[in-house]
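Engineer: One structure follows; several queries about it will come next.
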Amino acid sequence: MYFDYVHMPDEFCTLLKSNMQTTGSGYQFLRKNLWDKPHFQAILSRACADIKGSLSFERIINSLGWYGLRDRLASTYLYHQEHGYYPDIVLLKNIEDILHFEEEIKNQTLEGYGRHFLYAFYIKMNLYYIKRTNPKGTYHNHLMSKSSIEVVKSFSRKTIDIDWLCMSIHHFVEYLGEDKLRQVLAEGGSYKELYKLLSEPQRYSINENFLSYASSIRDDSPFLFAQV
């Protein structure tokens with residue numbers, strides 16, 4: 001699958017990259033810096049159109065919790081990406097696959113962080129973008145192959161940056177095959193060793209896709225630090 005640069009809701013991505021526990025930086029950012037901004041309130045009014053009364057922070061968080069609010073916002077943004085306008089009422093059906101994916105690999109990341117949700121959210125935003133720009137194309141609708149998910153689940157060490165792990169595994173399974181990838185990993189092979197096994201076109205493709213994802217979610221850390 002080709003990964004494009006996708007215009008993503010920047011502040012929503014910031015929340016998904018952050019610690020959203022009540023003492024975390026993301027939670028505080030949502031409460032103190034984002035909540036009362038007019039553009040966020042406009043999206044919030046769409047996402048919570050069925051909730052009567054004041055959309056105060058305390059009321060919404062007490063009613064929905066962060067995850068409930070997150071799901072509504074994601075559904076609203078995805079609807080806009082697919083149809084070109086925001087819905088009058090949120091139907092969470094369009095994030096069911098994201099929630100299933102999140103549940104599948106939740107044990108591989110730290111509680112409070114949502115980068116696995118961010119990864120799946122980007123994949124769907126990218127899919128809708130491609131469909132809109134090339135409506136006659138043929139597309140698959142799965143977020144990640146079953147083989148790739150199983151490889152990700154085989155890692156015992158938890159990581160905050162689960163999205164970059166998913167991105168890497170997705171490409172290595174596609175290019176090398178699951179059996180070869182598992183063999184190299186079982187022998188203690190690193191990312192650099194796996195990268196050396198790729199052809200030049202495959203290296204170009206994986207680098208291009210990584211850059212597209214990084215620029216879409218505003219995250220250049222993997223290119224500055226050895227994380228993946």
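All residue names refer to the structure tokens as shown: chains lettered A, B, ... in order, residues numbered from 1 in each chain, ligands numbered from 1 in order.
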I'd like a table as a Markdown table: residues in stretch 90-127 of chain A with an atom no more than 12 Å from stretch 48-51 of chain A, each row giving the shortest atom pair and its distance in Å to one decimal, only C-alpha atoms counted, sorted by chain and rising residue number.
Structural biologist:
| residue | atom | partner | partner_atom | distance |
| --- | --- | --- | --- | --- |
| A:Val90 | CA | A:Cys48 | CA | 7.5 |
| A:Leu91 | CA | A:Asp50 | CA | 10.7 |
| A:Leu92 | CA | A:Cys48 | CA | 11.7 |
Engineer: The selected residues should be written to file as a PDB file, in the first residue's frame (atoms: N, CA and C atoms).
Structural biologist:
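The resulting file, again-v5.pdb, is reproduced below:
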ATOM      1  N   VAL A  90     -22.903  11.839  14.831  1.00  0.00           N
ATOM      2  CA  VAL A  90     -21.805  10.890  14.710  1.00  0.00           C
ATOM      3  C   VAL A  90     -22.321   9.452  14.719  1.00  0.00           C
ATOM      4  N   LEU A  91     -21.867   8.683  13.745  1.00  0.00           N
ATOM      5  CA  LEU A  91     -22.126   7.247  13.694  1.00  0.00           C
ATOM      6  C   LEU A  91     -20.778   6.553  13.814  1.00  0.00           C
ATOM      7  N   LEU A  92     -20.561   5.847  14.896  1.00  0.00           N
ATOM      8  CA  LEU A  92     -19.243   5.302  15.197  1.00  0.00           C
ATOM      9  C   LEU A  92     -18.878   4.062  14.388  1.00  0.00           C
TER      10      LEU A  92
END
Engineer: What lies within 9 Å of A:Glu193 using only C-alpha atoms, ignoring chain neighbours under 4 positions off, as a PDB file with all heavy atoms, in the first residue's frame?
Structural biologist:
ATOM      1  N   VAL A 184      14.765 -13.814  11.055  1.00  0.00           N
ATOM      2  CA  VAL A 184      15.765 -12.778  11.342  1.00  0.00           C
ATOM      3  C   VAL A 184      15.570 -12.228  12.755  1.00  0.00           C
ATOM      4  O   VAL A 184      16.540 -12.031  13.494  1.00  0.00           O
ATOM      5  CB  VAL A 184      15.690 -11.645  10.301  1.00  0.00           C
ATOM      6  CG1 VAL A 184      16.657 -10.515  10.666  1.00  0.00           C
ATOM      7  CG2 VAL A 184      16.006 -12.180   8.908  1.00  0.00           C
ATOM      8  N   GLY A 189      18.088 -10.174  14.913  1.00  0.00           N
ATOM      9  CA  GLY A 189      18.334  -9.203  13.851  1.00  0.00           C
ATOM     10  C   GLY A 189      17.728  -7.841  14.155  1.00  0.00           C
ATOM     11  O   GLY A 189      16.632  -7.746  14.705  1.00  0.00           O
ATOM     12  N   LEU A 197      18.369  -6.344   3.704  1.00  0.00           N
ATOM     13  CA  LEU A 197      17.812  -7.426   2.894  1.00  0.00           C
ATOM     14  C   LEU A 197      16.868  -6.931   1.805  1.00  0.00           C
ATOM     15  O   LEU A 197      16.477  -7.696   0.931  1.00  0.00           O
ATOM     16  CB  LEU A 197      17.059  -8.422   3.794  1.00  0.00           C
ATOM     17  CG  LEU A 197      17.892  -9.149   4.851  1.00  0.00           C
ATOM     18  CD1 LEU A 197      16.989 -10.015   5.727  1.00  0.00           C
ATOM     19  CD2 LEU A 197      18.982  -9.999   4.202  1.00  0.00           C
TER      20      LEU A 197
END
Engineer: Between A:Ala42, A:Ala214, A:Leu118, A:Val152, which residue has the minimum interatomic distance to A:Ser18, considering only C-alpha atoms?
Structural biologist: A:Leu118
Engineer: With distances taken over only C-alpha atoms, which residue among A:Ile43, A:Leu143, A:Met167, A:Leu99 lies nearest A:Phe117?
Structural biologist: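 Smallest distance to A:Phe117 is found for A:Leu99.
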Engineer: At a cut-off of 12 Å, using only C-alpha atoms, what residues contact A:Phe12? Leave out same-chain residues fewer than 2 positions from it and give the result as a PyMOL selection string.
Structural biologist: chain A and resi 7-10+14-18+20+26-27+29-30+34-35+39-40+43-44+69-77+114-115+117-118+121-122+217-218
Engineer: How would the residues just picked look written out with N, CA and C atoms as a short mmCIF file (atom, residue, chain, number, x, y, z; two decimals), in the first residue's frame?
Structural biologist:
data_model
loop_
_atom_site.label_atom_id
_atom_site.label_comp_id
_atom_site.auth_asym_id
_atom_site.auth_seq_id
_atom_site.Cartn_x
_atom_site.Cartn_y
_atom_site.Cartn_z
N HIS A 7 -3.36 15.39 5.01
CA HIS A 7 -3.61 16.50 5.93
C HIS A 7 -4.42 15.97 7.11
N MET A 8 -3.79 15.90 8.26
CA MET A 8 -4.39 15.33 9.46
C MET A 8 -4.74 16.44 10.43
N PRO A 9 -5.75 16.23 11.29
CA PRO A 9 -6.05 17.21 12.34
C PRO A 9 -4.91 17.27 13.35
N ASP A 10 -4.11 18.31 13.27
CA ASP A 10 -2.84 18.38 13.98
C ASP A 10 -2.99 18.22 15.49
N THR A 14 -1.75 15.33 18.12
CA THR A 14 -0.95 15.62 19.31
C THR A 14 -1.50 14.86 20.52
N LEU A 15 -2.82 14.83 20.66
CA LEU A 15 -3.44 14.11 21.76
C LEU A 15 -3.17 12.61 21.66
N LEU A 16 -3.25 12.08 20.45
CA LEU A 16 -3.03 10.64 20.27
C LEU A 16 -1.57 10.24 20.48
N LYS A 17 -0.66 11.18 20.34
CA LYS A 17 0.76 10.91 20.58
C LYS A 17 1.14 11.09 22.05
N SER A 18 0.23 11.62 22.85
CA SER A 18 0.56 12.04 24.22
C SER A 18 0.00 11.09 25.27
N MET A 20 -2.50 10.43 27.84
CA MET A 20 -3.82 10.97 28.09
C MET A 20 -4.40 10.53 29.43
N GLY A 26 -0.87 15.23 27.60
CA GLY A 26 -1.93 15.35 26.61
C GLY A 26 -3.25 15.76 27.23
N TYR A 27 -3.57 15.18 28.37
CA TYR A 27 -4.80 15.50 29.08
C TYR A 27 -4.81 16.97 29.48
N PHE A 29 -3.05 19.37 28.09
CA PHE A 29 -3.12 20.17 26.86
C PHE A 29 -4.56 20.30 26.39
N LEU A 30 -5.30 19.19 26.41
CA LEU A 30 -6.70 19.21 26.01
C LEU A 30 -7.50 20.14 26.89
N LEU A 34 -6.56 23.56 24.51
CA LEU A 34 -7.32 23.24 23.31
C LEU A 34 -8.82 23.39 23.46
N TRP A 35 -9.34 23.06 24.62
CA TRP A 35 -10.78 22.91 24.78
C TRP A 35 -11.58 24.14 24.34
N HIS A 39 -12.20 26.60 16.89
CA HIS A 39 -12.21 25.53 15.89
C HIS A 39 -12.44 24.17 16.52
N PHE A 40 -11.90 23.96 17.74
CA PHE A 40 -12.12 22.70 18.42
C PHE A 40 -13.57 22.59 18.89
N ILE A 43 -15.81 21.45 16.04
CA ILE A 43 -15.76 20.00 15.81
C ILE A 43 -16.47 19.27 16.95
N LEU A 44 -16.23 19.73 18.16
CA LEU A 44 -16.83 19.10 19.33
C LEU A 44 -18.36 19.13 19.25
N LEU A 69 -14.70 10.32 23.99
CA LEU A 69 -14.55 11.57 23.24
C LEU A 69 -13.63 11.35 22.04
N ARG A 70 -12.53 10.67 22.25
CA ARG A 70 -11.59 10.37 21.16
C ARG A 70 -12.28 9.68 20.00
N ASP A 71 -13.09 8.67 20.31
CA ASP A 71 -13.76 7.90 19.27
C ASP A 71 -14.72 8.79 18.47
N ARG A 72 -15.42 9.67 19.13
CA ARG A 72 -16.35 10.57 18.45
C ARG A 72 -15.61 11.56 17.54
N LEU A 73 -14.50 12.09 18.04
CA LEU A 73 -13.72 13.02 17.22
C LEU A 73 -13.14 12.31 16.00
N ALA A 74 -12.59 11.13 16.21
CA ALA A 74 -12.02 10.38 15.09
C ALA A 74 -13.08 10.07 14.04
N SER A 75 -14.25 9.66 14.48
CA SER A 75 -15.34 9.35 13.56
C SER A 75 -15.74 10.58 12.76
N THR A 76 -15.77 11.73 13.42
CA THR A 76 -16.15 12.98 12.74
C THR A 76 -15.12 13.37 11.69
N TYR A 77 -13.85 13.29 12.05
CA TYR A 77 -12.79 13.64 11.09
C TYR A 77 -12.78 12.67 9.90
N GLY A 114 -1.87 6.58 22.74
CA GLY A 114 -2.76 6.13 21.68
C GLY A 114 -2.14 6.09 20.30
N ARG A 115 -0.85 5.78 20.23
CA ARG A 115 -0.21 5.80 18.92
C ARG A 115 -0.64 4.63 18.04
N PHE A 117 -3.78 3.68 17.92
CA PHE A 117 -5.00 4.26 17.38
C PHE A 117 -4.63 5.27 16.28
N LEU A 118 -3.60 6.07 16.53
CA LEU A 118 -3.15 7.06 15.55
C LEU A 118 -2.74 6.40 14.24
N PHE A 121 -5.84 5.27 12.46
CA PHE A 121 -6.56 6.46 12.03
C PHE A 121 -5.92 7.04 10.76
N TYR A 122 -4.59 7.10 10.74
CA TYR A 122 -3.89 7.58 9.55
C TYR A 122 -4.17 6.68 8.35
N ILE A 217 1.75 13.15 10.56
CA ILE A 217 1.45 13.22 11.99
C ILE A 217 2.37 14.20 12.73
N ARG A 218 3.22 14.90 11.98
CA ARG A 218 4.14 15.88 12.57
C ARG A 218 5.08 15.23 13.60
#
Engineer: To one decimal in Å, tell me the separation between atom CA of A:Leu211 and atom CA of A:Met144.
Structural biologist: 18.7 Å
Engineer: Could you check which of A:Thr22, A:Gln108, A:Ser168, A:Gln183 is closest to A:Asn207, using only C-alpha atoms?
Structural biologist: A:Ser168
Engineer: Using only C-alpha atoms, can you tell me which of A:Leu55, A:Trp66, A:Glu187, A:Tyr86 comes closest to A:Gln28?
Structural biologist: A:Trp66
Engineer: From a DSSP calculation on the backbone, collect every residue of stretch 28-131 of chain A in alpha helix (DSSP H) and output the set as JSON, numbers by chain.
Structural biologist: {"A": [28, 29, 38, 39, 40, 41, 42, 43, 44, 45, 46, 47, 57, 58, 59, 60, 61, 62, 63, 64, 65, 66, 67, 68, 69, 70, 71, 72, 73, 74, 75, 76, 77, 78, 79, 80, 81, 82, 83, 96, 97, 98, 99, 100, 101, 102, 103, 104, 105, 115, 116, 117, 118, 119, 120, 121, 122, 123, 124, 125, 126, 127, 128, 129, 130, 131]}
Engineer: Can you work out which one of A:Arg59, A:Lys158, A:Arg132, A:His170 has the shortest atom-to-atom distance to A:Ser145, counting only C-alpha atoms?
Structural biologist: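 For A:Ser145, the nearest of the given residues is A:His170.
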Engineer: What is the distance between atom CA of A:Gln21 and atom CA of A:Arg157, in Å to one decimal?
Structural biologist: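 Straight-line distance from atom CA of A:Gln21 to atom CA of A:Arg157 works out to 20.9 Å.
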Engineer: Identify which of the residues A:Leu64, A:Leu198, A:Ile105, A:Ala47 lies closest to A:Leu165, counting only C-alpha atoms when measuring atom-to-atom distances.
Structural biologist: A:Ile105
Engineer: Mind pulling up the distance from atom CA of A:Arg46 to atom CA of A:Ile130?
Structural biologist: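 Distance between the two atoms: 24.9 Å.
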Engineer: Identify, on the basis of only C-alpha atoms, every residue whose closest approach to A:Val6 does not exceed 9 Å; exclude the query and any residue fewer than 3 positions from it along the same chain; express the result as a PDB file with all heavy atoms, in the first residue's frame.
Structural biologist:
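And here is the file that came out, out.pdb:
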ATOM      1  N   PHE A   3       1.681   5.003   0.948  1.00  0.00           N
ATOM      2  CA  PHE A   3       1.365   5.934   2.020  1.00  0.00           C
ATOM      3  C   PHE A   3       1.588   7.350   1.515  1.00  0.00           C
ATOM      4  O   PHE A   3       2.723   7.736   1.227  1.00  0.00           O
ATOM      5  CB  PHE A   3       2.245   5.665   3.246  1.00  0.00           C
ATOM      6  CG  PHE A   3       1.950   4.367   3.929  1.00  0.00           C
ATOM      7  CD1 PHE A   3       2.335   3.156   3.369  1.00  0.00           C
ATOM      8  CD2 PHE A   3       1.288   4.340   5.145  1.00  0.00           C
ATOM      9  CE1 PHE A   3       2.060   1.962   3.997  1.00  0.00           C
ATOM     10  CE2 PHE A   3       1.015   3.142   5.793  1.00  0.00           C
ATOM     11  CZ  PHE A   3       1.403   1.955   5.212  1.00  0.00           C
ATOM     12  N   TYR A 122      -4.594   7.103  10.737  1.00  0.00           N
ATOM     13  CA  TYR A 122      -3.889   7.584   9.552  1.00  0.00           C
ATOM     14  C   TYR A 122      -4.171   6.678   8.348  1.00  0.00           C
ATOM     15  O   TYR A 122      -4.404   7.169   7.227  1.00  0.00           O
ATOM     16  CB  TYR A 122      -2.382   7.661   9.804  1.00  0.00           C
ATOM     17  CG  TYR A 122      -1.590   7.777   8.519  1.00  0.00           C
ATOM     18  CD1 TYR A 122      -1.458   9.002   7.870  1.00  0.00           C
ATOM     19  CD2 TYR A 122      -1.021   6.639   7.931  1.00  0.00           C
ATOM     20  CE1 TYR A 122      -0.768   9.092   6.669  1.00  0.00           C
ATOM     21  CE2 TYR A 122      -0.337   6.736   6.727  1.00  0.00           C
ATOM     22  CZ  TYR A 122      -0.211   7.963   6.100  1.00  0.00           C
ATOM     23  OH  TYR A 122       0.455   8.050   4.901  1.00  0.00           O
ATOM     24  N   MET A 125      -7.539   7.514   7.025  1.00  0.00           N
ATOM     25  CA  MET A 125      -7.521   8.839   6.403  1.00  0.00           C
ATOM     26  C   MET A 125      -6.815   8.763   5.050  1.00  0.00           C
ATOM     27  O   MET A 125      -7.247   9.381   4.064  1.00  0.00           O
ATOM     28  CB  MET A 125      -6.821   9.833   7.320  1.00  0.00           C
ATOM     29  CG  MET A 125      -7.581  10.187   8.586  1.00  0.00           C
ATOM     30  SD  MET A 125      -8.979  11.312   8.329  1.00  0.00           S
ATOM     31  CE  MET A 125      -8.112  12.889   8.216  1.00  0.00           C
ATOM     32  N   ASN A 126      -5.731   8.010   4.991  1.00  0.00           N
ATOM     33  CA  ASN A 126      -4.995   7.825   3.742  1.00  0.00           C
ATOM     34  C   ASN A 126      -5.851   7.086   2.713  1.00  0.00           C
ATOM     35  O   ASN A 126      -5.886   7.461   1.530  1.00  0.00           O
ATOM     36  CB  ASN A 126      -3.713   7.048   4.026  1.00  0.00           C
ATOM     37  CG  ASN A 126      -2.858   6.831   2.794  1.00  0.00           C
ATOM     38  OD1 ASN A 126      -2.585   7.765   2.047  1.00  0.00           O
ATOM     39  ND2 ASN A 126      -2.428   5.600   2.575  1.00  0.00           N
ATOM     40  N   TYR A 129      -8.411   9.351   1.312  1.00  0.00           N
ATOM     41  CA  TYR A 129      -7.769  10.317   0.426  1.00  0.00           C
ATOM     42  C   TYR A 129      -7.506   9.694  -0.948  1.00  0.00           C
ATOM     43  O   TYR A 129      -7.799  10.303  -1.991  1.00  0.00           O
ATOM     44  CB  TYR A 129      -6.447  10.792   1.042  1.00  0.00           C
ATOM     45  CG  TYR A 129      -5.613  11.634   0.104  1.00  0.00           C
ATOM     46  CD1 TYR A 129      -5.915  12.973  -0.120  1.00  0.00           C
ATOM     47  CD2 TYR A 129      -4.521  11.068  -0.568  1.00  0.00           C
ATOM     48  CE1 TYR A 129      -5.144  13.740  -0.993  1.00  0.00           C
ATOM     49  CE2 TYR A 129      -3.760  11.824  -1.438  1.00  0.00           C
ATOM     50  CZ  TYR A 129      -4.074  13.156  -1.647  1.00  0.00           C
ATOM     51  OH  TYR A 129      -3.312  13.900  -2.517  1.00  0.00           O
ATOM     52  N   SER A 212       6.218  10.120   4.492  1.00  0.00           N
ATOM     53  CA  SER A 212       4.816  10.532   4.340  1.00  0.00           C
ATOM     54  C   SER A 212       4.082  10.457   5.668  1.00  0.00           C
ATOM     55  O   SER A 212       3.343  11.376   6.047  1.00  0.00           O
ATOM     56  CB  SER A 212       4.106   9.642   3.306  1.00  0.00           C
ATOM     57  OG  SER A 212       4.616   9.848   2.008  1.00  0.00           O
ATOM     58  N   TYR A 213       4.286   9.352   6.386  1.00  0.00           N
ATOM     59  CA  TYR A 213       3.622   9.193   7.680  1.00  0.00           C
ATOM     60  C   TYR A 213       4.129  10.222   8.682  1.00  0.00           C
ATOM     61  O   TYR A 213       3.339  10.867   9.376  1.00  0.00           O
ATOM     62  CB  TYR A 213       3.848   7.781   8.210  1.00  0.00           C
ATOM     63  CG  TYR A 213       3.202   7.524   9.559  1.00  0.00           C
ATOM     64  CD1 TYR A 213       1.821   7.554   9.695  1.00  0.00           C
ATOM     65  CD2 TYR A 213       3.979   7.260  10.690  1.00  0.00           C
ATOM     66  CE1 TYR A 213       1.223   7.323  10.929  1.00  0.00           C
ATOM     67  CE2 TYR A 213       3.396   7.024  11.922  1.00  0.00           C
ATOM     68  CZ  TYR A 213       2.008   7.063  12.031  1.00  0.00           C
ATOM     69  OH  TYR A 213       1.419   6.845  13.261  1.00  0.00           O
ATOM     70  N   SER A 215       5.489  13.170   8.218  1.00  0.00           N
ATOM     71  CA  SER A 215       5.034  14.524   7.927  1.00  0.00           C
ATOM     72  C   SER A 215       3.537  14.674   8.180  1.00  0.00           C
ATOM     73  O   SER A 215       3.077  15.742   8.600  1.00  0.00           O
ATOM     74  CB  SER A 215       5.372  14.912   6.483  1.00  0.00           C
ATOM     75  OG  SER A 215       4.811  13.999   5.554  1.00  0.00           O
ATOM     76  N   SER A 216       2.788  13.613   7.981  1.00  0.00           N
ATOM     77  CA  SER A 216       1.336  13.671   8.210  1.00  0.00           C
ATOM     78  C   SER A 216       1.000  13.843   9.680  1.00  0.00           C
ATOM     79  O   SER A 216       0.079  14.584  10.031  1.00  0.00           O
ATOM     80  CB  SER A 216       0.661  12.400   7.673  1.00  0.00           C
ATOM     81  OG  SER A 216       0.798  12.281   6.277  1.00  0.00           O
ATOM     82  N   ILE A 217       1.751  13.151  10.557  1.00  0.00           N
ATOM     83  CA  ILE A 217       1.453  13.220  11.995  1.00  0.00           C
ATOM     84  C   ILE A 217       2.365  14.196  12.730  1.00  0.00           C
ATOM     85  O   ILE A 217       2.303  14.299  13.952  1.00  0.00           O
ATOM     86  CB  ILE A 217       1.531  11.828  12.653  1.00  0.00           C
ATOM     87  CG1 ILE A 217       2.970  11.311  12.685  1.00  0.00           C
ATOM     88  CG2 ILE A 217       0.583  10.839  11.951  1.00  0.00           C
ATOM     89  CD1 ILE A 217       3.165  10.103  13.569  1.00  0.00           C
TER      90      ILE A 217
END
Engineer: Give me the residues within 10 Å of A:Tyr195 as a PyMOL selection string, counting only C-alpha atoms and dropping any in the same chain fewer than 4 places off.
Structural biologist: chain A and resi 168+172+190-191+199-200+202-203+206
